[in-house]
Amino acid sequence: MTPLLNVKDLRAYYGQVQALHGLSFSLNEGSLTTLLGANGAGKTTTLRAICNMVRSTGAIEFDGKPLNNKSTESIVRFGIAHVPQGRGTFTTMTVEENLQLGAITRTDKAISSDIERMYGYFPKLKERHTQQAGTLSGGEQQMLAVARALMLRPRLMLLDEPSFGLAPLVVRDLFQILGRINRDEKVSILVVEQNAQLALELADQAYVIETGRIVMSGAAKDIAQDENVRKSYLGY
Ligand code: ATP
């Protein structure tokens with residue numbers, strides 16, 4: 001089976017600073033994969049490199065086709081949606097306008113029914129659909145960012161640290177919904193997280209990244225049992 005995303009020997013650079021040092025990993029269609037690692041390990045850079053937002057070398061293939069050096073627009077057309085850390089919603093627009101914007105590249109007629117489906121996952125967004133995005137709570141903004149990305153009908157959603165700055169209960173709720181979205185929307189998800197415990201509960205596959213290299217990979221349930229992972233990332 002061709003992996004949906006296949007990354008080989010990825011090296012990324014910020015000017016003279018090399019942030020990724022030959023990183024390789026892959027994920028299959030339908031999977032929910034997590035990339036774990038400490039601060040500065042290179043998680044965000046990996047997602048940026050996939051989206052061609054940082055200079056990189058190596059091979060990035062999506063469904064068997066090369067993705068390197070493609071414009072953001074063509075990456076979106078490939079079916080990849082990126083939810084960056086910090087969410088990036090349009091703060092002066094309403095919730096509903098944000099969702100409509102998420103579908104801007106689509107020409108089909110199912111946009112209103114997709115918005116309703118997103119409200120099904122995130123009822124809080126429906127309650128607040130006329131409210132300016134900038135006035136939502138952190139958790140609601142994160143939900144909006146995810147819902148907006150899904151409005152593209154992506155095949156792969158890249159999520160950068162969705163738990164960042166959110167209260168534990170809000171994070172649990174969000175992660176549960178991400179699991180449902182992965183199953184019901186048939187969208188593959190690559191989630192980058194510092195909250196290893198939750199990410200490993202959610203994901204089926206996991207990779208551990210240290211200083212720009214993958215140091216461990218496997219089924220999330222096996223990685224969660226690994227002694228080094230438990231000591232370094234789970235704190236027990
Ligand atoms: P965090 O969880 O703290 O966001 P991360 O695993 O996502 O960490 P990256 O943000 O990918 O890590 O950073 C990887 C390395 O690249 C770090 O050493 C970081 O200092 C460096 N780096 C990131 N962005 C830049 C930049 N704009 N200019 C120079 N170096 C950068």
# chains A, B, ... in the order shown; residues from 1 in each chain; ligands from 1
$ residues_near_ligand --ligand "ligand 1" --cutoff "10 Å" --atoms "only C-alpha atoms and all ligand atoms" --output "ChimeraX atom specification"
/A:12-20,35-49,54,85,160-161,164,192-195,209-212
$ select_by_dssp --residues "chain A" --states "helix (DSSP H, G or I)" --output "ChimeraX atom specification"
/A:43-50,72-78,95-102,111-121,123-127,133-135,138-150,168-184,196-202,220-225,227-234
$ select_by_dssp --residues "stretch 84-187 of chain A" --states "strand (DSSP E)" --output "ChimeraX atom specification"
/A:156-160
$ residues_around --residues "stretch 173-180 of chain A" --least-positions-apart "3" --cutoff "7 Å" --atoms "only C-alpha atoms" --output "VMD selection string"
chain A and resid 121 169 to 170 183 to 184 202
$ atom_distance --atom1 "atom CA of A:Gly138" --atom2 "atom CA of A:Val83"
14.2 Å
$ residues_around --residues "stretch 147-149 of chain A" --least-positions-apart "4" --cutoff "10 Å" --atoms "only C-alpha atoms" --output "PyMOL selection string"
chain A and resi 80-83+89+95-103+114-115+117-119+121-122+125+141-143+153-154+156-159+181
$ residues_around --residues "A:Ser137" --least-positions-apart "3" --cutoff "12 Å" --atoms "only C-alpha atoms" --output "PyMOL selection string"
chain A and resi 87+91+124-125+128+131-134+140-144+165-167+170
$ write_last_selection --atoms "N, CA and C atoms" --output "JSON list (two decimals), in the first residue's frame"
[["chain", "number", "residue", "atom", "x", "y", "z"],
["A", 87, "ARG", "N", -3.57, 28.84, 16.13],
["A", 87, "ARG", "CA", -4.92, 28.76, 15.52],
["A", 87, "ARG", "C", -5.14, 29.55, 14.25],
["A", 91, "THR", "N", -9.85, 36.95, 13.25],
["A", 91, "THR", "CA", -10.46, 37.34, 14.52],
["A", 91, "THR", "C", -11.60, 38.35, 14.38],
["A", 124, "LYS", "N", -20.86, 24.36, 20.33],
["A", 124, "LYS", "CA", -20.53, 25.70, 20.83],
["A", 124, "LYS", "C", -20.39, 26.69, 19.67],
["A", 125, "LEU", "N", -19.86, 26.22, 18.55],
["A", 125, "LEU", "CA", -19.67, 27.11, 17.40],
["A", 125, "LEU", "C", -21.01, 27.50, 16.80],
["A", 128, "ARG", "N", -22.54, 30.18, 18.77],
["A", 128, "ARG", "CA", -21.81, 31.45, 18.63],
["A", 128, "ARG", "C", -21.54, 31.82, 17.18],
["A", 131, "GLN", "N", -20.84, 35.39, 16.35],
["A", 131, "GLN", "CA", -19.86, 36.09, 17.21],
["A", 131, "GLN", "C", -18.51, 36.22, 16.50],
["A", 132, "GLN", "N", -17.83, 37.33, 16.76],
["A", 132, "GLN", "CA", -16.49, 37.51, 16.17],
["A", 132, "GLN", "C", -15.53, 36.45, 16.73],
["A", 133, "ALA", "N", -14.75, 35.85, 15.83],
["A", 133, "ALA", "CA", -13.86, 34.76, 16.26],
["A", 133, "ALA", "C", -12.90, 35.20, 17.37],
["A", 134, "GLY", "N", -12.45, 36.45, 17.30],
["A", 134, "GLY", "CA", -11.49, 36.95, 18.30],
["A", 134, "GLY", "C", -12.05, 37.02, 19.71],
["A", 140, "GLU", "N", -12.63, 27.37, 22.10],
["A", 140, "GLU", "CA", -13.56, 27.56, 20.97],
["A", 140, "GLU", "C", -12.80, 27.99, 19.72],
["A", 141, "GLN", "N", -11.76, 28.80, 19.91],
["A", 141, "GLN", "CA", -10.97, 29.22, 18.73],
["A", 141, "GLN", "C", -10.25, 28.03, 18.11],
["A", 142, "GLN", "N", -9.78, 27.14, 18.97],
["A", 142, "GLN", "CA", -9.10, 25.95, 18.45],
["A", 142, "GLN", "C", -10.10, 25.08, 17.68],
["A", 143, "MET", "N", -11.30, 24.97, 18.23],
["A", 143, "MET", "CA", -12.34, 24.20, 17.55],
["A", 143, "MET", "C", -12.68, 24.83, 16.20],
["A", 144, "LEU", "N", -12.75, 26.14, 16.19],
["A", 144, "LEU", "CA", -13.04, 26.84, 14.93],
["A", 144, "LEU", "C", -11.92, 26.61, 13.91],
["A", 165, "GLY", "N", -2.23, 25.86, 25.50],
["A", 165, "GLY", "CA", -2.92, 26.91, 26.25],
["A", 165, "GLY", "C", -4.34, 26.59, 26.67],
["A", 166, "LEU", "N", -4.77, 25.33, 26.49],
["A", 166, "LEU", "CA", -6.16, 25.01, 26.84],
["A", 166, "LEU", "C", -6.23, 24.25, 28.17],
["A", 167, "ALA", "N", -7.34, 24.44, 28.87],
["A", 167, "ALA", "CA", -7.55, 23.73, 30.13],
["A", 167, "ALA", "C", -7.69, 22.23, 29.86],
["A", 170, "VAL", "N", -10.97, 20.85, 28.50],
["A", 170, "VAL", "CA", -11.24, 21.32, 27.13],
["A", 170, "VAL", "C", -10.43, 20.48, 26.14]]
$ atom_distance --atom1 "atom CA of A:Asp9" --atom2 "atom CA of A:Val146"
28.9 Å
$ residues_around --residues "A:Glu201" --least-positions-apart "2" --cutoff "10 Å" --atoms "only C-alpha atoms" --output "MDAnalysis selection string"
chainID A and resid 175:176 179 196:199 203:204 220:221 224
$ write_last_selection --atoms "all heavy atoms" --output "short mmCIF file (atom, residue, chain, number, x, y, z; two decimals), in the first residue's frame"
data_model
loop_
_atom_site.label_atom_id
_atom_site.label_comp_id
_atom_site.auth_asym_id
_atom_site.auth_seq_id
_atom_site.Cartn_x
_atom_site.Cartn_y
_atom_site.Cartn_z
N PHE A 175 -9.90 16.42 21.91
CA PHE A 175 -9.25 15.22 21.39
C PHE A 175 -10.26 14.12 21.09
O PHE A 175 -10.12 13.37 20.13
CB PHE A 175 -8.17 14.73 22.37
CG PHE A 175 -6.84 15.40 22.14
CD1 PHE A 175 -6.76 16.77 21.95
CD2 PHE A 175 -5.66 14.67 22.11
CE1 PHE A 175 -5.54 17.40 21.73
CE2 PHE A 175 -4.43 15.29 21.89
CZ PHE A 175 -4.38 16.65 21.70
N GLN A 176 -11.30 14.05 21.93
CA GLN A 176 -12.34 13.06 21.67
C GLN A 176 -13.03 13.35 20.33
O GLN A 176 -13.28 12.45 19.53
CB GLN A 176 -13.37 13.15 22.78
CG GLN A 176 -13.82 11.81 23.27
CD GLN A 176 -14.60 11.97 24.56
OE1 GLN A 176 -15.43 12.88 24.66
NE2 GLN A 176 -14.32 11.12 25.52
N GLY A 179 -10.91 12.34 17.37
CA GLY A 179 -11.03 10.90 17.12
C GLY A 179 -12.26 10.60 16.27
O GLY A 179 -12.21 9.83 15.31
N ALA A 196 2.01 14.33 25.56
CA ALA A 196 2.22 12.98 25.03
C ALA A 196 1.14 12.02 25.49
O ALA A 196 0.70 11.17 24.71
CB ALA A 196 3.59 12.49 25.47
N GLN A 197 0.73 12.16 26.71
CA GLN A 197 -0.26 11.22 27.26
C GLN A 197 -1.53 11.19 26.41
O GLN A 197 -1.98 10.15 25.94
CB GLN A 197 -0.59 11.63 28.69
CG GLN A 197 -1.75 10.88 29.29
CD GLN A 197 -1.34 10.20 30.58
OE1 GLN A 197 -0.40 10.62 31.25
NE2 GLN A 197 -2.03 9.14 30.92
N LEU A 198 -2.08 12.38 26.20
CA LEU A 198 -3.33 12.46 25.44
C LEU A 198 -3.12 12.07 23.99
O LEU A 198 -3.94 11.37 23.40
CB LEU A 198 -3.87 13.88 25.50
CG LEU A 198 -4.81 14.16 26.66
CD1 LEU A 198 -5.20 15.61 26.66
CD2 LEU A 198 -6.04 13.28 26.56
N ALA A 199 -2.01 12.53 23.43
CA ALA A 199 -1.75 12.22 22.02
C ALA A 199 -1.64 10.71 21.81
O ALA A 199 -2.13 10.18 20.82
CB ALA A 199 -0.48 12.93 21.56
N ALA A 203 -3.99 8.63 19.25
CA ALA A 203 -3.41 8.21 17.95
C ALA A 203 -3.37 6.70 17.80
O ALA A 203 -3.40 5.96 18.78
CB ALA A 203 -2.01 8.79 17.84
N ASP A 204 -3.26 6.25 16.54
CA ASP A 204 -2.95 4.83 16.35
C ASP A 204 -1.45 4.62 16.12
O ASP A 204 -0.90 3.64 16.58
CB ASP A 204 -3.83 4.18 15.26
CG ASP A 204 -4.02 5.03 14.04
OD1 ASP A 204 -3.02 5.35 13.40
OD2 ASP A 204 -5.18 5.38 13.73
N ALA A 220 0.86 3.47 18.71
CA ALA A 220 0.82 4.40 19.84
C ALA A 220 0.73 3.65 21.17
O ALA A 220 1.38 4.04 22.15
CB ALA A 220 -0.36 5.35 19.68
N LYS A 221 -0.03 2.54 21.20
CA LYS A 221 -0.18 1.83 22.47
C LYS A 221 1.15 1.20 22.92
O LYS A 221 1.41 1.10 24.11
CB LYS A 221 -1.31 0.80 22.40
CG LYS A 221 -1.15 -0.28 21.37
CD LYS A 221 -2.31 -1.25 21.50
CE LYS A 221 -2.29 -2.42 20.55
NZ LYS A 221 -1.34 -2.54 19.50
N ALA A 224 3.45 4.03 24.20
CA ALA A 224 3.03 4.48 25.52
C ALA A 224 3.58 3.58 26.62
O ALA A 224 3.71 4.00 27.78
CB ALA A 224 1.50 4.52 25.60
#
$ atom_distance --atom1 "atom CA of A:Pro168" --atom2 "atom CA of A:Val191"
17.1 Å
$ residues_around --residues "stretch 65-73 of chain A" --least-positions-apart "4" --cutoff "10 Å" --atoms "only C-alpha atoms" --output "VMD selection string"
chain A and resid 4 to 7 49 to 61 77 to 78 80 to 81 105
